[in-house]
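Trainee: Sending over input.cif (mmCIF, C-alpha atoms).
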data_data
loop_
_atom_site.label_atom_id
_atom_site.label_comp_id
_atom_site.auth_asym_id
_atom_site.auth_seq_id
_atom_site.Cartn_x
_atom_site.Cartn_y
_atom_site.Cartn_z
CA MET A 1 -39.05 -76.40 -22.04
CA GLU A 2 -41.87 -75.08 -24.21
CA GLY A 3 -44.18 -77.49 -25.97
CA LEU A 4 -46.16 -76.44 -29.02
CA ILE A 5 -48.52 -79.17 -30.25
CA LEU A 6 -49.63 -78.78 -33.82
CA GLU A 7 -51.48 -82.02 -34.49
CA ASP A 8 -53.72 -82.29 -37.58
CA LYS A 9 -54.72 -84.85 -40.21
CA SER A 10 -51.88 -83.92 -42.57
CA ILE A 11 -49.17 -84.77 -40.03
CA SER A 12 -49.23 -88.48 -40.85
CA LYS A 13 -48.17 -87.68 -44.43
CA LYS A 14 -45.15 -85.63 -43.39
CA GLU A 15 -42.08 -86.22 -41.26
CA ARG A 16 -42.82 -85.47 -37.62
CA VAL A 17 -40.25 -82.94 -36.45
CA LEU A 18 -39.11 -81.56 -33.12
CA ILE A 19 -37.18 -78.29 -33.31
CA VAL A 20 -34.63 -77.33 -30.67
CA GLY A 21 -33.44 -73.81 -29.89
CA LEU A 22 -30.94 -72.50 -27.38
CA LYS A 23 -31.14 -68.91 -26.18
CA THR A 24 -27.88 -67.51 -24.83
CA GLN A 25 -27.64 -64.46 -22.55
CA LYS A 26 -26.47 -62.32 -25.48
CA THR A 27 -29.56 -63.13 -27.57
CA VAL A 28 -32.55 -60.77 -27.52
CA GLU A 29 -35.72 -62.71 -26.63
CA GLU A 30 -37.70 -61.29 -29.57
CA ASP A 31 -34.95 -62.15 -32.08
CA PHE A 32 -34.75 -65.68 -30.68
CA LEU A 33 -38.51 -66.22 -31.08
CA TYR A 34 -38.43 -64.94 -34.67
CA ARG A 35 -35.60 -67.36 -35.50
CA MET A 36 -37.60 -70.25 -34.03
CA GLU A 37 -40.60 -69.22 -36.17
CA GLU A 38 -38.30 -69.08 -39.19
CA LEU A 39 -36.97 -72.56 -38.42
CA GLU A 40 -40.56 -73.85 -38.36
CA ALA A 41 -41.19 -72.22 -41.76
CA LEU A 42 -37.99 -73.75 -43.13
CA THR A 43 -39.09 -77.17 -41.85
CA SER A 44 -42.45 -76.79 -43.59
CA THR A 45 -40.72 -75.78 -46.82
CA ALA A 46 -38.56 -78.93 -46.59
CA GLY A 47 -41.65 -81.12 -46.25
CA GLY A 48 -41.84 -81.69 -42.49
CA VAL A 49 -44.27 -80.64 -39.81
CA VAL A 50 -43.23 -79.34 -36.39
CA VAL A 51 -45.22 -81.21 -33.74
CA MET A 52 -43.26 -79.75 -30.84
CA GLU A 53 -40.47 -77.36 -29.98
CA MET A 54 -37.96 -77.43 -27.14
CA THR A 55 -36.05 -74.38 -25.94
CA GLN A 56 -33.38 -73.87 -23.31
CA ASN A 57 -31.76 -70.81 -21.73
CA ARG A 58 -28.01 -71.18 -21.18
CA GLU A 59 -25.06 -68.84 -20.87
CA HIS A 60 -23.50 -70.59 -23.86
CA PRO A 61 -24.02 -73.85 -25.80
CA ASP A 62 -22.69 -77.08 -24.27
CA LYS A 63 -19.46 -77.99 -26.09
CA ALA A 64 -20.34 -81.68 -26.17
CA THR A 65 -24.07 -81.78 -26.91
CA TYR A 66 -25.15 -78.15 -27.58
CA ILE A 67 -27.99 -78.42 -25.02
CA GLY A 68 -27.38 -79.59 -21.42
CA ARG A 69 -27.17 -83.25 -20.41
CA GLY A 70 -30.57 -83.09 -18.67
CA LYS A 71 -32.19 -81.67 -21.79
CA VAL A 72 -30.73 -84.48 -23.89
CA GLU A 73 -32.40 -87.03 -21.59
CA GLU A 74 -35.66 -85.05 -21.77
CA LEU A 75 -35.33 -85.02 -25.55
CA GLU A 76 -35.08 -88.81 -25.65
CA LEU A 77 -38.35 -89.16 -23.71
CA ILE A 78 -40.21 -86.66 -25.91
CA ILE A 79 -39.02 -88.40 -29.09
CA GLU A 80 -40.53 -91.66 -27.91
CA GLU A 81 -43.74 -90.10 -26.56
CA LYS A 82 -44.47 -87.93 -29.63
CA GLU A 83 -43.16 -90.44 -32.22
CA ILE A 84 -40.65 -87.89 -33.50
CA GLU A 85 -38.83 -88.88 -36.70
CA LEU A 86 -36.44 -85.93 -37.01
CA VAL A 87 -34.81 -83.42 -34.63
CA ILE A 88 -33.65 -80.08 -36.05
CA PHE A 89 -31.37 -77.73 -34.08
CA ASN A 90 -31.65 -73.98 -34.68
CA ASP A 91 -27.87 -73.43 -34.97
CA GLU A 92 -25.01 -75.08 -36.78
CA LEU A 93 -23.78 -78.03 -34.73
CA SER A 94 -20.07 -78.73 -34.57
CA PRO A 95 -18.92 -82.15 -35.85
CA SER A 96 -18.36 -83.36 -32.27
CA GLN A 97 -21.77 -82.09 -31.07
CA LEU A 98 -23.51 -83.85 -33.95
CA ARG A 99 -21.54 -87.04 -33.32
CA ASN A 100 -22.29 -87.06 -29.57
CA LEU A 101 -25.99 -86.36 -30.06
CA THR A 102 -26.26 -89.04 -32.73
CA THR A 103 -24.90 -91.69 -30.35
CA LYS A 104 -27.47 -90.74 -27.68
CA ILE A 105 -30.58 -90.13 -29.76
CA ASP A 106 -32.04 -92.83 -31.99
CA VAL A 107 -33.59 -90.62 -34.72
CA LYS A 108 -32.20 -88.42 -37.47
CA ILE A 109 -30.55 -85.21 -36.25
CA ILE A 110 -29.76 -82.26 -38.48
CA ASP A 111 -29.03 -78.58 -37.85
CA ARG A 112 -30.24 -75.33 -39.39
CA THR A 113 -27.43 -75.34 -41.95
CA GLN A 114 -28.18 -78.85 -43.18
CA LEU A 115 -31.89 -78.01 -43.38
CA ILE A 116 -31.20 -74.97 -45.58
CA LEU A 117 -28.84 -77.01 -47.76
CA ASP A 118 -31.57 -79.64 -48.08
CA ILE A 119 -34.11 -77.02 -49.24
CA PHE A 120 -31.60 -75.71 -51.77
CA ALA A 121 -31.13 -79.26 -53.08
CA LYS A 122 -34.90 -79.55 -53.44
CA ARG A 123 -35.20 -76.19 -55.23
CA ALA A 124 -32.20 -76.37 -57.59
CA ARG A 125 -33.32 -76.74 -61.19
CA SER A 126 -30.38 -75.73 -63.37
CA LYS A 127 -27.22 -77.77 -63.72
CA GLU A 128 -25.24 -74.97 -62.06
CA GLY A 129 -27.65 -74.76 -59.13
CA LYS A 130 -27.48 -78.51 -58.53
CA LEU A 131 -23.68 -78.50 -58.70
CA GLN A 132 -23.40 -75.54 -56.32
CA VAL A 133 -25.70 -77.20 -53.78
CA GLU A 134 -23.82 -80.48 -53.97
CA LEU A 135 -20.51 -78.68 -53.48
CA ALA A 136 -21.89 -76.84 -50.44
CA GLN A 137 -23.29 -80.08 -48.98
CA LEU A 138 -20.03 -81.97 -49.44
CA ASN A 139 -18.10 -79.05 -47.98
CA TYR A 140 -20.40 -79.09 -44.94
CA LEU A 141 -20.38 -82.88 -44.52
CA LEU A 142 -16.66 -83.52 -45.05
CA PRO A 143 -15.58 -82.66 -41.46
CA ARG A 144 -18.65 -84.52 -40.14
CA LEU A 145 -18.04 -87.85 -41.89
CA ARG A 146 -16.58 -89.49 -38.80
CA GLY A 147 -19.39 -91.22 -36.98
CA GLN A 148 -21.89 -90.67 -39.80
CA GLY A 149 -22.17 -94.40 -40.52
CA HIS A 150 -24.49 -94.99 -37.57
CA MET A 151 -26.77 -92.14 -38.60
CA LEU A 152 -26.72 -93.05 -42.29
CA SER A 153 -27.78 -96.60 -41.51
CA ARG A 154 -31.15 -95.27 -40.33
CA LEU A 155 -31.72 -92.31 -42.66
CA GLY A 156 -34.16 -94.00 -45.01
CA GLY A 157 -34.83 -90.81 -47.03
CA GLY A 158 -36.63 -87.64 -46.06
CA ILE A 159 -35.42 -84.22 -44.91
CA GLY A 160 -31.65 -83.90 -44.72
CA THR A 161 -30.96 -86.71 -47.19
CA ARG A 162 -31.35 -84.94 -50.54
CA GLY A 163 -28.32 -84.19 -52.65
CA PRO A 164 -25.28 -86.45 -52.17
CA GLY A 165 -26.55 -89.99 -51.70
CA GLU A 166 -25.87 -92.20 -48.69
CA THR A 167 -23.34 -94.37 -50.50
CA GLN A 168 -21.42 -91.29 -51.64
CA LEU A 169 -21.10 -90.11 -48.04
CA GLU A 170 -19.74 -93.49 -46.94
CA VAL A 171 -16.74 -93.40 -49.26
CA ASP A 172 -13.47 -92.10 -47.90
CA GLN A 173 -12.56 -88.42 -47.75
CA ARG A 174 -10.20 -88.69 -50.70
CA HIS A 175 -13.04 -89.60 -53.07
CA ILE A 176 -15.23 -86.81 -51.71
CA ARG A 177 -12.45 -84.28 -52.23
CA SER A 178 -12.01 -85.62 -55.74
CA ARG A 179 -15.72 -85.09 -56.41
CA MET A 180 -15.50 -81.54 -55.03
CA THR A 181 -12.59 -80.80 -57.36
CA ASP A 182 -14.59 -82.15 -60.30
CA ILE A 183 -17.59 -79.97 -59.38
CA ARG A 184 -15.37 -76.88 -59.11
CA HIS A 185 -14.00 -77.51 -62.62
CA GLN A 186 -17.53 -77.83 -64.02
CA LEU A 187 -18.60 -74.65 -62.25
CA GLU A 188 -15.58 -72.77 -63.60
CA GLN A 189 -16.74 -73.58 -67.14
CA ILE A 190 -20.30 -72.43 -66.35
CA VAL A 191 -19.01 -69.22 -64.74
CA SER A 192 -16.83 -68.56 -67.77
CA HIS A 193 -19.91 -68.93 -70.00
CA ARG A 194 -21.88 -66.53 -67.79
CA ASN A 195 -19.07 -63.98 -67.83
CA ARG A 196 -19.17 -64.03 -71.65
CA TYR A 197 -22.96 -63.51 -71.48
CA ARG A 198 -22.47 -60.62 -69.04
CA SER A 199 -19.91 -59.05 -71.38
CA ARG A 200 -22.40 -59.26 -74.27
CA ARG A 201 -25.07 -57.62 -72.12
CA LYS A 202 -22.67 -54.81 -71.20
CA LYS A 203 -21.63 -54.43 -74.83
CA ASN A 204 -25.29 -54.11 -75.79
CA GLN A 205 -25.55 -51.35 -73.16
CA SER A 206 -28.54 -52.98 -71.47
CA TYR A 207 -29.40 -51.26 -68.18
CA GLN A 208 -29.41 -53.94 -65.48
CA ILE A 209 -31.52 -54.00 -62.31
CA SER A 210 -31.07 -56.72 -59.69
CA LEU A 211 -33.78 -57.80 -57.26
CA VAL A 212 -32.35 -58.70 -53.86
CA GLY A 213 -34.01 -59.34 -50.53
CA TYR A 214 -34.69 -61.68 -47.68
CA THR A 215 -36.20 -65.00 -48.69
CA ASN A 216 -39.97 -64.87 -49.31
CA ALA A 217 -40.00 -61.05 -49.51
CA GLY A 218 -41.84 -61.26 -52.84
CA LYS A 219 -39.03 -60.82 -55.40
CA SER A 220 -40.28 -63.48 -57.84
CA THR A 221 -43.85 -62.19 -57.64
CA LEU A 222 -42.57 -58.69 -58.43
CA LEU A 223 -40.54 -59.97 -61.41
CA HIS A 224 -43.60 -61.85 -62.66
CA LYS A 225 -45.90 -58.82 -62.33
CA LEU A 226 -43.47 -56.32 -63.89
CA SER A 227 -42.40 -58.52 -66.80
CA GLN A 228 -45.68 -60.45 -67.29
CA ALA A 229 -43.44 -63.50 -67.64
CA ASP A 230 -43.93 -67.06 -66.47
CA VAL A 231 -41.83 -67.10 -63.29
CA TYR A 232 -42.01 -69.73 -60.52
CA VAL A 233 -43.86 -68.07 -57.65
CA GLU A 234 -44.76 -69.73 -54.36
CA ASP A 235 -45.33 -68.58 -50.78
CA GLN A 236 -42.38 -70.57 -49.44
CA LEU A 237 -38.84 -69.86 -48.37
CA PHE A 238 -36.25 -70.13 -51.16
CA ALA A 239 -38.86 -70.58 -53.91
CA THR A 240 -36.24 -69.15 -56.31
CA LEU A 241 -32.73 -70.54 -56.43
CA ASP A 242 -31.50 -70.02 -59.99
CA PRO A 243 -31.21 -66.39 -61.21
CA THR A 244 -33.84 -65.35 -63.78
CA THR A 245 -33.53 -62.32 -66.07
CA LYS A 246 -36.49 -60.70 -67.85
CA LYS A 247 -36.96 -57.54 -69.90
CA ILE A 248 -39.35 -54.89 -68.57
CA LYS A 249 -40.59 -51.63 -70.05
CA LEU A 250 -40.65 -48.45 -67.95
CA PRO A 251 -43.31 -45.68 -68.31
CA SER A 252 -41.07 -43.66 -70.65
CA GLY A 253 -40.67 -46.66 -72.97
CA MET A 254 -37.10 -47.43 -71.88
CA GLU A 255 -36.37 -51.17 -71.68
CA VAL A 256 -34.24 -52.59 -68.86
CA LEU A 257 -33.19 -56.06 -67.71
CA LEU A 258 -34.51 -57.21 -64.33
CA THR A 259 -32.77 -60.14 -62.60
CA ASP A 260 -34.21 -62.12 -59.70
CA THR A 261 -31.66 -63.61 -57.30
CA VAL A 262 -31.64 -66.20 -54.53
CA GLY A 263 -33.18 -64.99 -51.27
CA PHE A 264 -30.94 -64.17 -48.33
CA ILE A 265 -31.47 -65.39 -44.77
CA GLN A 266 -29.97 -64.67 -41.35
CA GLN A 267 -26.92 -66.85 -40.74
CA LEU A 268 -26.90 -68.08 -44.33
CA PRO A 269 -24.49 -71.05 -44.23
CA THR A 270 -20.96 -69.97 -45.14
CA ALA A 271 -20.70 -73.06 -47.38
CA LEU A 272 -23.64 -71.73 -49.39
CA ILE A 273 -22.29 -68.18 -49.66
CA ALA A 274 -19.03 -69.58 -51.01
CA ALA A 275 -20.74 -71.97 -53.44
CA PHE A 276 -23.24 -69.40 -54.72
CA ARG A 277 -20.79 -66.53 -54.90
CA SER A 278 -20.66 -66.66 -58.71
CA THR A 279 -24.47 -66.45 -58.86
CA LEU A 280 -24.62 -63.66 -56.30
CA GLU A 281 -22.01 -61.78 -58.30
CA GLU A 282 -24.84 -60.97 -60.74
CA VAL A 283 -25.67 -58.29 -58.18
CA GLN A 284 -22.23 -56.71 -58.60
CA GLU A 285 -22.97 -56.14 -62.30
CA ALA A 286 -26.20 -54.27 -61.58
CA ASP A 287 -26.68 -50.59 -62.41
CA LEU A 288 -29.47 -50.41 -59.82
CA ILE A 289 -30.50 -52.69 -56.93
CA LEU A 290 -34.12 -53.14 -55.89
CA HIS A 291 -34.03 -54.28 -52.26
CA VAL A 292 -37.41 -55.96 -51.70
CA VAL A 293 -38.55 -56.09 -48.06
CA ASP A 294 -41.58 -57.87 -46.61
CA ALA A 295 -43.04 -54.85 -44.78
CA ALA A 296 -45.63 -57.04 -43.05
CA ASN A 297 -43.00 -59.22 -41.37
CA PRO A 298 -42.44 -57.97 -37.80
CA ASP A 299 -38.75 -58.89 -38.05
CA HIS A 300 -38.17 -56.91 -41.27
CA PRO A 301 -35.57 -54.52 -39.71
CA ASN A 302 -33.32 -57.55 -39.04
CA HIS A 303 -34.03 -58.85 -42.55
CA GLU A 304 -32.93 -55.51 -44.01
CA ARG A 305 -29.71 -55.54 -41.99
CA THR A 306 -28.96 -59.11 -43.11
CA VAL A 307 -29.30 -58.19 -46.79
CA GLN A 308 -27.27 -54.98 -46.40
CA GLN A 309 -24.44 -56.91 -44.72
CA LEU A 310 -24.38 -59.50 -47.51
CA LEU A 311 -24.33 -56.73 -50.13
CA LYS A 312 -21.37 -55.25 -48.26
CA ASP A 313 -19.66 -58.66 -48.29
CA LEU A 314 -20.18 -58.74 -52.07
CA SER A 315 -18.73 -55.19 -52.41
CA ALA A 316 -22.06 -54.07 -53.88
CA GLU A 317 -23.03 -51.50 -51.25
CA GLN A 318 -21.99 -48.58 -53.50
CA ILE A 319 -24.49 -49.47 -56.24
CA PRO A 320 -27.56 -47.16 -56.28
CA MET A 321 -30.43 -48.83 -54.40
CA LEU A 322 -34.20 -48.40 -54.14
CA THR A 323 -35.81 -50.12 -51.14
CA VAL A 324 -39.18 -51.62 -52.11
CA TYR A 325 -41.35 -52.28 -49.07
CA ASN A 326 -43.74 -54.98 -50.27
CA LYS A 327 -47.02 -56.50 -48.99
CA ARG A 328 -48.66 -53.18 -48.10
CA ASP A 329 -52.02 -54.98 -48.27
CA LEU A 330 -51.07 -57.05 -45.21
CA LEU A 331 -50.16 -54.10 -42.96
CA THR A 332 -52.45 -53.50 -39.98
CA GLU A 333 -50.84 -50.30 -38.69
CA ASP A 334 -48.76 -47.33 -39.86
CA PHE A 335 -45.46 -48.25 -41.50
CA PHE A 336 -42.14 -46.46 -41.03
CA SER A 337 -39.21 -46.90 -43.42
CA TYR A 338 -35.75 -47.88 -42.12
CA ALA A 339 -34.06 -47.24 -45.47
CA ASP A 340 -31.22 -44.70 -45.71
CA GLY A 341 -31.97 -43.92 -49.35
CA PRO A 342 -35.07 -43.73 -51.56
CA SER A 343 -37.91 -46.14 -50.77
CA VAL A 344 -41.45 -46.95 -51.86
CA LEU A 345 -44.30 -48.86 -50.15
CA ILE A 346 -46.30 -51.14 -52.48
CA SER A 347 -48.42 -54.24 -52.86
CA THR A 348 -47.73 -56.45 -55.89
CA ILE A 349 -51.45 -57.29 -56.14
CA LYS A 350 -52.37 -53.63 -56.78
CA GLU A 351 -51.82 -52.39 -60.35
CA ASP A 352 -51.59 -48.74 -59.23
CA ASP A 353 -48.76 -49.63 -56.87
CA LEU A 354 -46.82 -51.36 -59.66
CA ASP A 355 -47.20 -48.23 -61.81
CA LYS A 356 -46.01 -46.13 -58.86
CA LEU A 357 -42.97 -48.44 -58.49
CA LYS A 358 -42.03 -48.10 -62.17
CA GLU A 359 -42.23 -44.31 -61.88
CA LYS A 360 -40.06 -44.42 -58.75
CA ILE A 361 -37.51 -46.62 -60.53
CA GLU A 362 -37.27 -44.06 -63.33
CA ALA A 363 -36.93 -41.21 -60.83
CA VAL A 364 -34.03 -42.98 -59.09
CA MET A 365 -32.40 -43.74 -62.44
CA GLU A 366 -32.67 -40.08 -63.47
CA GLU A 367 -30.61 -39.14 -60.41
CA THR A 368 -27.62 -41.03 -61.85
CA PHE A 369 -28.28 -40.20 -65.53
CA SER A 370 -27.25 -37.11 -67.51
CA PRO A 371 -29.80 -34.81 -69.19
CA TYR A 372 -29.77 -34.47 -72.99
CA ILE A 373 -31.50 -32.49 -75.75
CA VAL A 374 -31.13 -33.88 -79.26
CA HIS A 375 -32.51 -32.99 -82.74
CA ILE A 376 -33.41 -36.02 -84.86
CA PRO A 377 -34.66 -35.77 -88.48
CA ALA A 378 -38.05 -37.43 -89.00
CA TYR A 379 -36.63 -39.94 -91.49
CA GLU A 380 -34.22 -41.41 -88.92
CA GLY A 381 -36.72 -43.88 -87.48
CA LYS A 382 -34.04 -46.21 -86.17
CA TRP A 383 -32.57 -43.42 -84.05
CA LEU A 384 -35.97 -42.46 -82.69
CA HIS A 385 -36.61 -46.08 -81.75
CA ARG A 386 -33.22 -46.41 -80.02
CA ILE A 387 -33.75 -43.25 -77.99
CA GLN A 388 -37.11 -44.54 -76.79
CA LYS A 389 -35.72 -47.96 -75.79
CA GLU A 390 -32.35 -46.92 -74.35
CA THR A 391 -33.07 -43.63 -72.57
CA ILE A 392 -35.69 -42.02 -70.33
CA GLN A 393 -37.47 -39.80 -72.84
CA ILE A 394 -39.50 -37.10 -71.08
CA GLU A 395 -40.45 -34.83 -74.00
CA ARG A 396 -40.70 -35.16 -77.79
CA GLN A 397 -41.78 -32.29 -80.06
CA PHE A 398 -42.07 -32.30 -83.85
CA HIS A 399 -41.02 -29.16 -85.74
CA GLU A 400 -42.80 -29.22 -89.11
CA GLU A 401 -40.71 -26.53 -90.80
CA LYS A 402 -37.45 -28.43 -90.09
CA GLU A 403 -39.08 -31.89 -90.26
CA GLU A 404 -37.28 -32.96 -87.13
CA TYR A 405 -37.98 -34.08 -83.58
CA VAL A 406 -36.54 -32.25 -80.58
CA ILE A 407 -36.22 -34.79 -77.80
CA ARG A 408 -35.38 -34.15 -74.18
CA GLY A 409 -34.58 -36.80 -71.59
CA TYR A 410 -31.98 -38.60 -69.48
CA ALA A 411 -29.41 -41.25 -70.40
CA PRO A 412 -26.57 -43.11 -68.65
CA LEU A 413 -23.42 -40.99 -68.96
CA SER A 414 -21.28 -44.02 -69.93
CA SER A 415 -23.76 -45.42 -72.47
CA ALA A 416 -23.02 -45.61 -76.17
CA ILE A 417 -26.22 -43.78 -77.11
CA TYR A 418 -25.43 -40.81 -74.86
CA ASN A 419 -21.98 -40.40 -76.41
CA GLU A 420 -23.42 -40.75 -79.92
CA MET A 421 -26.07 -38.09 -79.16
CA GLN A 422 -23.36 -35.78 -77.83
CA SER A 423 -21.36 -36.26 -81.03
CA ARG A 424 -24.43 -35.46 -83.17
CA THR A 425 -25.13 -32.33 -81.11
CA ASN A 426 -21.51 -31.16 -81.40
CA ARG A 427 -21.49 -31.75 -85.16
CA GLY A 428 -24.76 -29.84 -85.50
CA GLU A 429 -23.35 -26.88 -83.57
CA GLU A 430 -20.18 -26.85 -85.71
CA ASP A 431 -22.25 -26.94 -88.92
CA GLY A 432 -24.40 -24.06 -87.55
CA GLU A 433 -21.30 -21.95 -86.85
CA ARG A 434 -19.94 -22.55 -90.36
CA ASN A 435 -23.23 -21.51 -91.91
#
The structure given in the file should be rewritten as structure tokens.
Mentor:
Amino acid sequence: MEGLILEDKSISKKERVLIVGLKTQKTVEEDFLYRMEELEALTSTAGGVVVMEMTQNREHPDKATYIGRGKVEELELIIEEKEIELVIFNDELSPSQLRNLTTKIDVKIIDRTQLILDIFAKRARSKEGKLQVELAQLNYLLPRLRGQGHMLSRLGGGIGTRGPGETQLEVDQRHIRSRMTDIRHQLEQIVSHRNRYRSRRKKNQSYQISLVGYTNAGKSTLLHKLSQADVYVEDQLFATLDPTTKKIKLPSGMEVLLTDTVGFIQQLPTALIAAFRSTLEEVQEADLILHVVDAANPDHPNHERTVQQLLKDLSAEQIPMLTVYNKRDLLTEDFFSYADGPSVLISTIKEDDLDKLKEKIEAVMEETFSPYIVHIPAYEGKWLHRIQKETIQIERQFHEEKEEYVIRGYAPLSSAIYNEMQSRTNRGEEDGERN
């Protein structure tokens, strides 16, 4: 057992938590330690404070109680000695493991999944977000209802109790399934509304960029800095839950839509992936993905792999991607990129780095765009404005004798403006041949 005492004056205001981790033979020691650190950060985000941690090495988890029988007895003693109010396990407990532990230990017990669900319940602001979290919580709790009465009788609020109320969990499974069906119907209507909004965006030919990344990588800060918009930013896990879309202007003058999405995490609960699938599908609609990585986090290679796997699960791995290594200001040694494609190393607190990022975004976009040269009469101001907003304009020259602009740049091959420019060019060439 390892004991980490973190006593301070603020502890009395927060729930006193003991975290429990089990390292199997297959688990790399370094990865295990990072996951324990992450669990502590998740606990802090949920409003608790870790006063001690317990770890155990086993070939595999105990089927009945996750940790061994001796460790359970040791846990009981520590809970009494350290006045622990909540025990959090660093893996998802099976219904039987949770039930058996609950009968032996006289404090609240939750697992990593329930902790993450609890944070999501705390963070959800939109109606859709709240419904999705509730659906995920009910989906998680349904097979664990048996034997919950004893635990619910001593919950009394706090971490692990947000979302569906105690009385709702005590009703029979039929009523819970009925509530889940009702939530799904409400979500279907919201998804239908979003699909119509997506269709309008596509019809308007807006170029869409999605921010994805591990939780707390700095996506919301980046959106805030690039768009100069009022976006909720906090140095906590899952600070953003509901997707936010803002308009940003690139160096050439082209305007694009930038969408922030929920942060990913290793072993993201399957119930959450299923519930938030419609939100995550925003990523599938993107023309470009910005994968934001916390370069200063020692476990960032695992974070990158986690995000890439989830993008693969969403069938979004074929979308062009720029890896943005963030928090350059916190690096203490040389940094090496693990990205397969284009990447850039920045700090969101440095204006020059943000300019460099915008230029890099345009460079990546140019790779997938088609070049154009178009002649626009000076009196066609609306056309000139559209070209500036909807394409990457790299050169504009005014010819006085013809009173026209010759513009060179790049545009999406499938965009309406590119096809219209091609039509104008073709008509001009035909008129030239006739004359």
Trainee: Nearest to Asp62 in chain A among A:Tyr405, A:Ser96, A:Glu81, A:His303, with distances taken over only C-alpha atoms: which residue is it?
Mentor: A:Ser96
Trainee: If you apply the PyMOL selection byres ((chain A and resi 40) around 10) to this file, what residues do you get, as JSON, numbers by chain?
Mentor: {"A": [17, 18, 19, 34, 35, 36, 37, 38, 39, 41, 42, 43, 44, 45, 46, 48, 49, 50, 51, 52, 53, 88, 90]}
Trainee: Emit the selected residues as an mmCIF file, in the coordinates of the input, including C-alpha atoms.
Mentor:
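Final file, result_32.cif:
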data_model
loop_
_atom_site.group_PDB
_atom_site.id
_atom_site.type_symbol
_atom_site.label_atom_id
_atom_site.label_comp_id
_atom_site.auth_asym_id
_atom_site.auth_seq_id
_atom_site.Cartn_x
_atom_site.Cartn_y
_atom_site.Cartn_z
ATOM 1 C CA VAL A 17 -40.250 -82.940 -36.450
ATOM 2 C CA LEU A 18 -39.110 -81.560 -33.120
ATOM 3 C CA ILE A 19 -37.180 -78.290 -33.310
ATOM 4 C CA TYR A 34 -38.430 -64.940 -34.670
ATOM 5 C CA ARG A 35 -35.600 -67.360 -35.500
ATOM 6 C CA MET A 36 -37.600 -70.250 -34.030
ATOM 7 C CA GLU A 37 -40.600 -69.220 -36.170
ATOM 8 C CA GLU A 38 -38.300 -69.080 -39.190
ATOM 9 C CA LEU A 39 -36.970 -72.560 -38.420
ATOM 10 C CA ALA A 41 -41.190 -72.220 -41.760
ATOM 11 C CA LEU A 42 -37.990 -73.750 -43.130
ATOM 12 C CA THR A 43 -39.090 -77.170 -41.850
ATOM 13 C CA SER A 44 -42.450 -76.790 -43.590
ATOM 14 C CA THR A 45 -40.720 -75.780 -46.820
ATOM 15 C CA ALA A 46 -38.560 -78.930 -46.590
ATOM 16 C CA GLY A 48 -41.840 -81.690 -42.490
ATOM 17 C CA VAL A 49 -44.270 -80.640 -39.810
ATOM 18 C CA VAL A 50 -43.230 -79.340 -36.390
ATOM 19 C CA VAL A 51 -45.220 -81.210 -33.740
ATOM 20 C CA MET A 52 -43.260 -79.750 -30.840
ATOM 21 C CA GLU A 53 -40.470 -77.360 -29.980
ATOM 22 C CA ILE A 88 -33.650 -80.080 -36.050
ATOM 23 C CA ASN A 90 -31.650 -73.980 -34.680
#
Trainee: Please, what distance in Å, to one decimal, runs between CA of Val292 in chain A and CA of Val262 in chain A?
Mentor: 12.1 Å
Trainee: Residues near range 264-275 of chain A, anyone? I mean within 8 Å using all atoms listed in the file, not counting same-chain ones fewer than 6 positions away, as an MDAnalysis selection string.
Mentor: chainID A and resid 113 116:117 132:133 135:137 139:140 212:215 303 306:307
Trainee: Write the residues you've just listed into a file as a JSON list (two decimals), in the frame of the given file, and include C-alpha atoms for each of them.
Mentor:
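To be explicit, this is the file written out as out_28.json:
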[["chain", "number", "residue", "atom", "x", "y", "z"],
["A", 113, "THR", "CA", -27.43, -75.34, -41.95],
["A", 116, "ILE", "CA", -31.20, -74.97, -45.58],
["A", 117, "LEU", "CA", -28.84, -77.01, -47.76],
["A", 132, "GLN", "CA", -23.40, -75.54, -56.32],
["A", 133, "VAL", "CA", -25.70, -77.20, -53.78],
["A", 135, "LEU", "CA", -20.51, -78.68, -53.48],
["A", 136, "ALA", "CA", -21.89, -76.84, -50.44],
["A", 137, "GLN", "CA", -23.29, -80.08, -48.98],
["A", 139, "ASN", "CA", -18.10, -79.05, -47.98],
["A", 140, "TYR", "CA", -20.40, -79.09, -44.94],
["A", 212, "VAL", "CA", -32.35, -58.70, -53.86],
["A", 213, "GLY", "CA", -34.01, -59.34, -50.53],
["A", 214, "TYR", "CA", -34.69, -61.68, -47.68],
["A", 215, "THR", "CA", -36.20, -65.00, -48.69],
["A", 303, "HIS", "CA", -34.03, -58.85, -42.55],
["A", 306, "THR", "CA", -28.96, -59.11, -43.11],
["A", 307, "VAL", "CA", -29.30, -58.19, -46.79]]
Trainee: What does the structure give for the distance between CA of Gln388 in chain A and CA of Ser252 in chain A, in Å to one decimal?
Mentor: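 According to the coordinates, CA of Gln388 in chain A and CA of Ser252 in chain A are separated by 7.4 Å.
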Trainee: What residues come out when you apply the PyMOL selection byres ((chain A and resi 371) around 8) to this file, written as a list in words?
Mentor: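 When the PyMOL selection byres ((chain A and resi 371) around 8) is applied to the shown file, the picked residues are Phe369, Ser370, Tyr372, Ile373, Arg408, Gly409, Tyr410 and Ala411 of chain A.
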Trainee: Ranking A:Ala295, A:His185, A:Asn195, A:Gln228 by minimum distance to Asn216 in chain A and counting all atoms listed in the file, which one comes first?
Mentor: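 The shortest atom-to-atom distance to Asn216 in chain A comes from A:Ala295.
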Trainee: Identify which of the residues A:Pro377, A:Leu354, A:His385, A:Leu115 lies closest to Phe398 in chain A, counting all atoms listed in the file when measuring atom-to-atom distances.
Mentor: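 Closest to Phe398 in chain A of all the choices is A:Pro377.
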